[in-house]
>>> print(open('query_24.cif').read())   # mmCIF, C-alpha atoms; chains and numbers go by the auth columns
data_coords
#
loop_
_atom_site.group_PDB
_atom_site.id
_atom_site.type_symbol
_atom_site.label_atom_id
_atom_site.label_comp_id
_atom_site.label_asym_id
_atom_site.label_seq_id
_atom_site.Cartn_x
_atom_site.Cartn_y
_atom_site.Cartn_z
_atom_site.B_iso_or_equiv
_atom_site.auth_seq_id
_atom_site.auth_asym_id
ATOM 1 C CA MET A 1 0.000 0.000 0.000 0.00 1 A
ATOM 2 C CA ALA A 2 1.420 3.404 -0.971 0.00 2 A
ATOM 3 C CA ALA A 3 1.308 6.488 1.180 0.00 3 A
ATOM 4 C CA PRO A 4 -0.660 9.416 -0.217 0.00 4 A
ATOM 5 C CA GLU A 5 1.399 12.031 -2.017 0.00 5 A
ATOM 6 C CA ARG A 6 2.212 15.068 0.108 0.00 6 A
ATOM 7 C CA THR A 7 1.691 18.417 -1.552 0.00 7 A
ATOM 8 C CA GLU A 8 2.899 20.510 1.394 0.00 8 A
ATOM 9 C CA ARG A 9 5.518 20.095 4.092 0.00 9 A
ATOM 10 C CA ASP A 10 4.230 18.976 7.464 0.00 10 A
ATOM 11 C CA ILE A 11 3.975 22.452 8.967 0.00 11 A
ATOM 12 C CA THR A 12 2.097 21.134 11.988 0.00 12 A
ATOM 13 C CA GLY A 13 5.026 18.892 12.841 0.00 13 A
ATOM 14 C CA LEU A 14 7.567 21.637 12.127 0.00 14 A
ATOM 15 C CA LEU A 15 5.712 24.181 14.262 0.00 15 A
ATOM 16 C CA ASN A 16 5.303 21.664 17.096 0.00 16 A
ATOM 17 C CA MET A 17 8.996 20.774 16.968 0.00 17 A
ATOM 18 C CA ALA A 18 10.083 24.417 16.803 0.00 18 A
ATOM 19 C CA GLY A 19 7.711 25.317 19.642 0.00 19 A
ATOM 20 C CA HIS A 20 9.020 22.470 21.778 0.00 20 A
ATOM 21 C CA VAL A 21 12.655 23.468 21.195 0.00 21 A
ATOM 22 C CA LEU A 22 11.945 27.142 21.897 0.00 22 A
ATOM 23 C CA ALA A 23 9.895 26.358 25.020 0.00 23 A
ATOM 24 C CA ASN A 24 12.735 24.197 26.380 0.00 24 A
ATOM 25 C CA ARG A 25 15.315 26.911 25.686 0.00 25 A
ATOM 26 C CA LEU A 26 13.145 29.532 27.336 0.00 26 A
ATOM 27 C CA SER A 27 12.474 27.345 30.392 0.00 27 A
ATOM 28 C CA ALA A 28 16.182 26.628 30.827 0.00 28 A
ATOM 29 C CA ALA A 29 17.162 30.292 30.431 0.00 29 A
ATOM 30 C CA LEU A 30 14.510 31.538 32.880 0.00 30 A
ATOM 31 C CA ALA A 31 15.491 28.827 35.373 0.00 31 A
ATOM 32 C CA ASP A 32 18.802 30.677 35.743 0.00 32 A
ATOM 33 C CA VAL A 33 16.828 33.455 37.495 0.00 33 A
ATOM 34 C CA GLU A 34 14.449 31.023 39.201 0.00 34 A
ATOM 35 C CA LEU A 35 11.414 31.854 37.059 0.00 35 A
ATOM 36 C CA THR A 36 9.213 29.693 34.869 0.00 36 A
ATOM 37 C CA PRO A 37 7.689 30.913 31.600 0.00 37 A
ATOM 38 C CA ARG A 38 4.275 30.854 33.330 0.00 38 A
ATOM 39 C CA MET A 39 5.522 33.009 36.187 0.00 39 A
ATOM 40 C CA GLN A 40 7.145 35.445 33.764 0.00 40 A
ATOM 41 C CA CYS A 41 3.977 35.699 31.704 0.00 41 A
ATOM 42 C CA VAL A 42 1.792 36.359 34.749 0.00 42 A
ATOM 43 C CA LEU A 43 4.202 38.967 36.135 0.00 43 A
ATOM 44 C CA ILE A 44 4.405 40.858 32.827 0.00 44 A
ATOM 45 C CA HIS A 45 0.626 40.930 32.321 0.00 45 A
ATOM 46 C CA ALA A 46 0.017 41.904 35.963 0.00 46 A
ATOM 47 C CA LEU A 47 2.441 44.822 35.588 0.00 47 A
ATOM 48 C CA GLU A 48 0.642 46.186 32.518 0.00 48 A
ATOM 49 C CA GLU A 49 -2.481 47.144 34.450 0.00 49 A
ATOM 50 C CA GLU A 50 -4.598 46.053 37.408 0.00 50 A
ATOM 51 C CA ARG A 51 -5.933 42.620 36.532 0.00 51 A
ATOM 52 C CA THR A 52 -7.791 39.888 38.332 0.00 52 A
ATOM 53 C CA GLN A 53 -6.513 36.358 38.618 0.00 53 A
ATOM 54 C CA ILE A 54 -9.191 35.277 36.092 0.00 54 A
ATOM 55 C CA GLN A 55 -8.096 37.930 33.577 0.00 55 A
ATOM 56 C CA LEU A 56 -4.461 36.936 33.985 0.00 56 A
ATOM 57 C CA ALA A 57 -5.317 33.252 33.525 0.00 57 A
ATOM 58 C CA ALA A 58 -7.039 34.074 30.229 0.00 58 A
ATOM 59 C CA LEU A 59 -4.110 36.195 29.013 0.00 59 A
ATOM 60 C CA ALA A 60 -1.566 33.528 29.972 0.00 60 A
ATOM 61 C CA ASP A 61 -3.793 30.721 28.628 0.00 61 A
ATOM 62 C CA LEU A 62 -3.721 28.943 31.991 0.00 62 A
ATOM 63 C CA ASP A 63 -6.482 26.874 33.547 0.00 63 A
ATOM 64 C CA LYS A 64 -7.721 27.910 36.994 0.00 64 A
ATOM 65 C CA THR A 65 -5.775 25.265 38.914 0.00 65 A
ATOM 66 C CA THR A 66 -2.484 26.093 37.185 0.00 66 A
ATOM 67 C CA MET A 67 -3.097 29.803 37.693 0.00 67 A
ATOM 68 C CA VAL A 68 -3.752 29.348 41.411 0.00 68 A
ATOM 69 C CA SER A 69 -0.566 27.341 41.908 0.00 69 A
ATOM 70 C CA THR A 70 1.443 29.856 39.847 0.00 70 A
ATOM 71 C CA VAL A 71 0.186 32.799 41.926 0.00 71 A
ATOM 72 C CA ASP A 72 0.717 30.803 45.127 0.00 72 A
ATOM 73 C CA GLU A 73 4.369 30.337 44.121 0.00 73 A
ATOM 74 C CA LEU A 74 4.752 34.023 43.170 0.00 74 A
ATOM 75 C CA GLU A 75 3.368 34.976 46.602 0.00 75 A
ATOM 76 C CA ARG A 76 5.594 32.466 48.387 0.00 76 A
ATOM 77 C CA ARG A 77 8.627 34.035 46.721 0.00 77 A
ATOM 78 C CA GLY A 78 7.500 37.576 47.498 0.00 78 A
ATOM 79 C CA LEU A 79 7.090 38.476 43.805 0.00 79 A
ATOM 80 C CA ALA A 80 3.341 39.187 43.870 0.00 80 A
ATOM 81 C CA GLU A 81 0.399 39.332 46.214 0.00 81 A
ATOM 82 C CA ARG A 82 -3.351 39.000 46.006 0.00 82 A
ATOM 83 C CA ARG A 83 -5.236 42.187 46.897 0.00 83 A
ATOM 84 C CA ALA A 84 -8.852 43.243 46.921 0.00 84 A
ATOM 85 C CA SER A 85 -9.834 45.143 43.788 0.00 85 A
ATOM 86 C CA VAL A 86 -10.717 48.792 44.343 0.00 86 A
ATOM 87 C CA THR A 87 -13.490 48.556 41.727 0.00 87 A
ATOM 88 C CA ASP A 88 -15.026 45.183 42.654 0.00 88 A
ATOM 89 C CA ARG A 89 -14.829 44.005 46.239 0.00 89 A
ATOM 90 C CA ARG A 90 -15.553 40.398 45.174 0.00 90 A
ATOM 91 C CA ALA A 91 -12.529 40.310 42.864 0.00 91 A
ATOM 92 C CA ARG A 92 -8.895 39.788 43.803 0.00 92 A
ATOM 93 C CA ILE A 93 -6.169 41.400 41.743 0.00 93 A
ATOM 94 C CA ILE A 94 -2.603 40.188 41.446 0.00 94 A
ATOM 95 C CA ALA A 95 -0.247 42.991 42.458 0.00 95 A
ATOM 96 C CA VAL A 96 3.428 42.651 41.602 0.00 96 A
ATOM 97 C CA THR A 97 5.859 43.619 44.355 0.00 97 A
ATOM 98 C CA GLU A 98 9.029 45.617 43.747 0.00 98 A
ATOM 99 C CA LYS A 99 11.000 42.367 43.942 0.00 99 A
ATOM 100 C CA GLY A 100 8.603 40.905 41.355 0.00 100 A
ATOM 101 C CA ARG A 101 9.007 43.910 39.049 0.00 101 A
ATOM 102 C CA LEU A 102 12.778 43.520 39.118 0.00 102 A
ATOM 103 C CA ALA A 103 12.463 39.782 38.459 0.00 103 A
ATOM 104 C CA ALA A 104 10.058 40.430 35.556 0.00 104 A
ATOM 105 C CA GLU A 105 12.463 42.969 34.018 0.00 105 A
ATOM 106 C CA GLU A 106 15.328 40.489 34.166 0.00 106 A
ATOM 107 C CA GLY A 107 13.054 37.731 32.904 0.00 107 A
ATOM 108 C CA GLN A 108 11.965 39.873 29.955 0.00 108 A
ATOM 109 C CA ARG A 109 15.584 40.503 28.978 0.00 109 A
ATOM 110 C CA ILE A 110 16.045 36.721 28.950 0.00 110 A
ATOM 111 C CA VAL A 111 12.857 36.150 26.932 0.00 111 A
ATOM 112 C CA ASP A 112 13.931 38.781 24.397 0.00 112 A
ATOM 113 C CA ARG A 113 17.409 37.239 24.126 0.00 113 A
ATOM 114 C CA VAL A 114 16.049 33.706 23.625 0.00 114 A
ATOM 115 C CA HIS A 115 13.642 34.946 20.952 0.00 115 A
ATOM 116 C CA ALA A 116 16.362 36.976 19.207 0.00 116 A
ATOM 117 C CA ASP A 117 18.660 33.929 19.240 0.00 117 A
ATOM 118 C CA ALA A 118 15.890 31.776 17.767 0.00 118 A
ATOM 119 C CA LEU A 119 15.381 34.241 14.929 0.00 119 A
ATOM 120 C CA GLY A 120 19.095 34.967 14.533 0.00 120 A
ATOM 121 C CA GLY A 121 19.489 32.869 11.382 0.00 121 A
ATOM 122 C CA LEU A 122 16.977 35.014 9.491 0.00 122 A
ATOM 123 C CA ASP A 123 17.656 38.414 7.973 0.00 123 A
ATOM 124 C CA PRO A 124 15.651 41.269 9.566 0.00 124 A
ATOM 125 C CA ALA A 125 13.004 41.423 6.800 0.00 125 A
ATOM 126 C CA ALA A 126 12.480 37.663 6.968 0.00 126 A
ATOM 127 C CA ARG A 127 12.168 37.858 10.768 0.00 127 A
ATOM 128 C CA ALA A 128 9.362 40.399 10.575 0.00 128 A
ATOM 129 C CA SER A 129 7.563 38.368 7.891 0.00 129 A
ATOM 130 C CA PHE A 130 7.988 35.147 9.855 0.00 130 A
ATOM 131 C CA VAL A 131 6.631 36.634 13.081 0.00 131 A
ATOM 132 C CA GLU A 132 3.704 38.192 11.199 0.00 132 A
ATOM 133 C CA ALA A 133 2.996 34.854 9.485 0.00 133 A
ATOM 134 C CA LEU A 134 2.989 33.068 12.848 0.00 134 A
ATOM 135 C CA GLY A 135 0.430 35.590 14.072 0.00 135 A
ATOM 136 C CA VAL A 136 -1.751 34.908 11.029 0.00 136 A
ATOM 137 C CA LEU A 137 -1.489 31.149 11.575 0.00 137 A
ATOM 138 C CA ALA A 138 -2.371 31.609 15.246 0.00 138 A
ATOM 139 C CA GLY A 139 -5.359 33.756 14.277 0.00 139 A
ATOM 140 C CA THR A 140 -4.201 36.834 16.148 0.00 140 A
ATOM 141 C CA PRO A 141 -4.170 40.406 14.857 0.00 141 A
ATOM 142 C CA LYS A 142 -0.846 42.060 14.008 0.00 142 A
ATOM 143 C CA ASP A 143 -0.664 43.806 17.408 0.00 143 A
ATOM 144 C CA PRO A 144 -3.392 42.396 19.639 0.00 144 A
ATOM 145 C CA GLY A 145 -2.265 44.083 22.825 0.00 145 A
ATOM 146 C CA PRO A 146 -3.051 42.491 26.177 0.00 146 A
ATOM 147 C CA GLN A 147 -6.671 41.452 25.530 0.00 147 A
ATOM 148 C CA PRO A 148 -7.992 38.593 27.643 0.00 148 A
ATOM 149 C CA VAL A 149 -9.612 35.695 25.853 0.00 149 A
ATOM 150 C CA ARG A 150 -13.323 35.379 26.561 0.00 150 A
ATOM 151 C CA ARG A 151 -14.463 31.795 26.895 0.00 151 A
ATOM 152 C CA ALA A 152 -18.082 30.724 26.727 0.00 152 A
ATOM 153 C CA ARG A 153 -19.569 29.712 30.046 0.00 153 A
ATOM 154 C CA GLY A 154 -21.075 26.267 30.305 0.00 154 A
ATOM 155 C CA ARG A 155 -24.680 25.812 31.325 0.00 155 A
ATOM 156 C CA ARG A 156 -25.316 25.006 34.944 0.00 156 A
#
>>> encode(input="query_24.cif", output="structure tokens")
Amino acid sequence: MAAPERTERDITGLLNMAGHVLANRLSAALADVELTPRMQCVLIHALEEERTQIQLAALADLDKTTMVSTVDELERRGLAERRASVTDRRARIIAVTEKGRLAAEEGQRIVDRVHADALGGLDPAARASFVEALGVLAGTPKDPGPQPVRRARGRR
């Protein structure tokens, strides 16, 4: 039995492999400053503006359980704290401490370096096109900004 003829390269496999390699590099680099990519993501989004734990979970694409354990670890390390929201007393925001801000700044330098290294083999025009193409494939606008993802609620 013959395999069907392929008309395109296996971009799913290539993207998965590239994503896996990049995620491992990023995890290893951030481990040098005792951060995880999840922690870095939460810190950066929490620094942008006052956000609830639910909003941060949506932005970081984390489920509730993972988000809770991530914030618990950030609190344990003195990098962030849960506070009551000034606009909604039922909501808790994640406030980054000064120590957390410094950690996030160092973490962002590492993230930027890892990304620059990953794209280093491409000329600048190809880099911009590649990053834009990834955004198109992911279904995100050119510059989406920090918009939380809204997920449909299930029926009770």
>>> resolve_selection(input="query_24.cif", expression="the PyMOL selection byres ((chain A and resi 62) around 12)", output="PyMOL selection string")
chain A and resi 37-39+41-42+53-61+63-71+148-149
>>> residues_around(input="query_24.cif", residues="region 29-33 of chain A", least_positions_apart="6", cutoff="9 Å", atoms="all atoms listed in the file", output="MDAnalysis selection string")
chainID A and resid 40 103 106:107 110:111 114
>>> resolve_selection(input="query_24.cif", expression="the PyMOL selection byres ((chain A and resi 88-92) around 9)", output="list in words")
Arg51, Thr52, Gln53, Ile54, Arg82, Arg83, Ala84, Ser85, Val86, Thr87, Ile93 and Ile94 of chain A
>>> closest_residue(input="query_24.cif", among="A:Ala133, A:Ala95, A:Ala118, A:Ala128", to="Ala23 (chain A)", atoms="all atoms listed in the file")
A:Ala118
>>> atom_distance(input="query_24.cif", atom1="CA of Leu122 (chain A)", atom2="CA of Ile11 (chain A)")
18.1 Å
>>> atom_distance(input="query_24.cif", atom1="CA of Thr7 (chain A)", atom2="CA of Leu137 (chain A)")
18.6 Å
>>> atom_distance(input="query_24.cif", atom1="CA of Gly100 (chain A)", atom2="CA of Leu43 (chain A)")
7.1 Å
>>> residues_near_point(input="query_24.cif", point="(1.8, 26.0, 17.1)", cutoff="12 Å", atoms="only C-alpha atoms", output="MDAnalysis selection string")
chainID A and resid 11:23 133:139
>>> closest_residue(input="query_24.cif", among="A:Ala125, A:Leu79, A:Ala28, A:Ala46", to="Thr97 (chain A)", atoms="all atoms listed in the file")
A:Leu79
>>> decode(input="query_24.cif", residues="region 63-76 of chain A", atoms="N, CA and C atoms", output="CSV table (one decimal), in the first residue's frame")
chain,number,residue,atom,x,y,z
A,63,ASP,N,-5.2,27.3,32.9
A,63,ASP,CA,-6.5,26.9,33.5
A,63,ASP,C,-6.5,27.4,35.0
A,64,LYS,N,-7.6,27.3,35.6
A,64,LYS,CA,-7.7,27.9,37.0
A,64,LYS,C,-6.8,27.3,38.0
A,65,THR,N,-6.6,26.0,38.0
A,65,THR,CA,-5.8,25.3,38.9
A,65,THR,C,-4.3,25.7,38.7
A,66,THR,N,-3.9,25.7,37.5
A,66,THR,CA,-2.5,26.1,37.2
A,66,THR,C,-2.2,27.5,37.6
A,67,MET,N,-3.2,28.4,37.3
A,67,MET,CA,-3.1,29.8,37.7
A,67,MET,C,-3.0,30.0,39.2
A,68,VAL,N,-3.8,29.3,39.9
A,68,VAL,CA,-3.8,29.3,41.4
A,68,VAL,C,-2.4,28.9,41.9
A,69,SER,N,-1.9,27.8,41.4
A,69,SER,CA,-0.6,27.3,41.9
A,69,SER,C,0.6,28.3,41.5
A,70,THR,N,0.4,28.9,40.3
A,70,THR,CA,1.4,29.9,39.8
A,70,THR,C,1.4,31.1,40.7
A,71,VAL,N,0.3,31.6,41.1
A,71,VAL,CA,0.2,32.8,41.9
A,71,VAL,C,0.6,32.4,43.3
A,72,ASP,N,0.3,31.2,43.8
A,72,ASP,CA,0.7,30.8,45.1
A,72,ASP,C,2.2,30.8,45.2
A,73,GLU,N,2.9,30.4,44.1
A,73,GLU,CA,4.4,30.3,44.1
A,73,GLU,C,4.9,31.8,44.0
A,74,LEU,N,4.3,32.6,43.2
A,74,LEU,CA,4.8,34.0,43.2
A,74,LEU,C,4.6,34.7,44.5
A,75,GLU,N,3.5,34.4,45.2
A,75,GLU,CA,3.4,35.0,46.6
A,75,GLU,C,4.4,34.4,47.6
A,76,ARG,N,4.6,33.1,47.5
A,76,ARG,CA,5.6,32.5,48.4
A,76,ARG,C,7.0,33.1,48.2
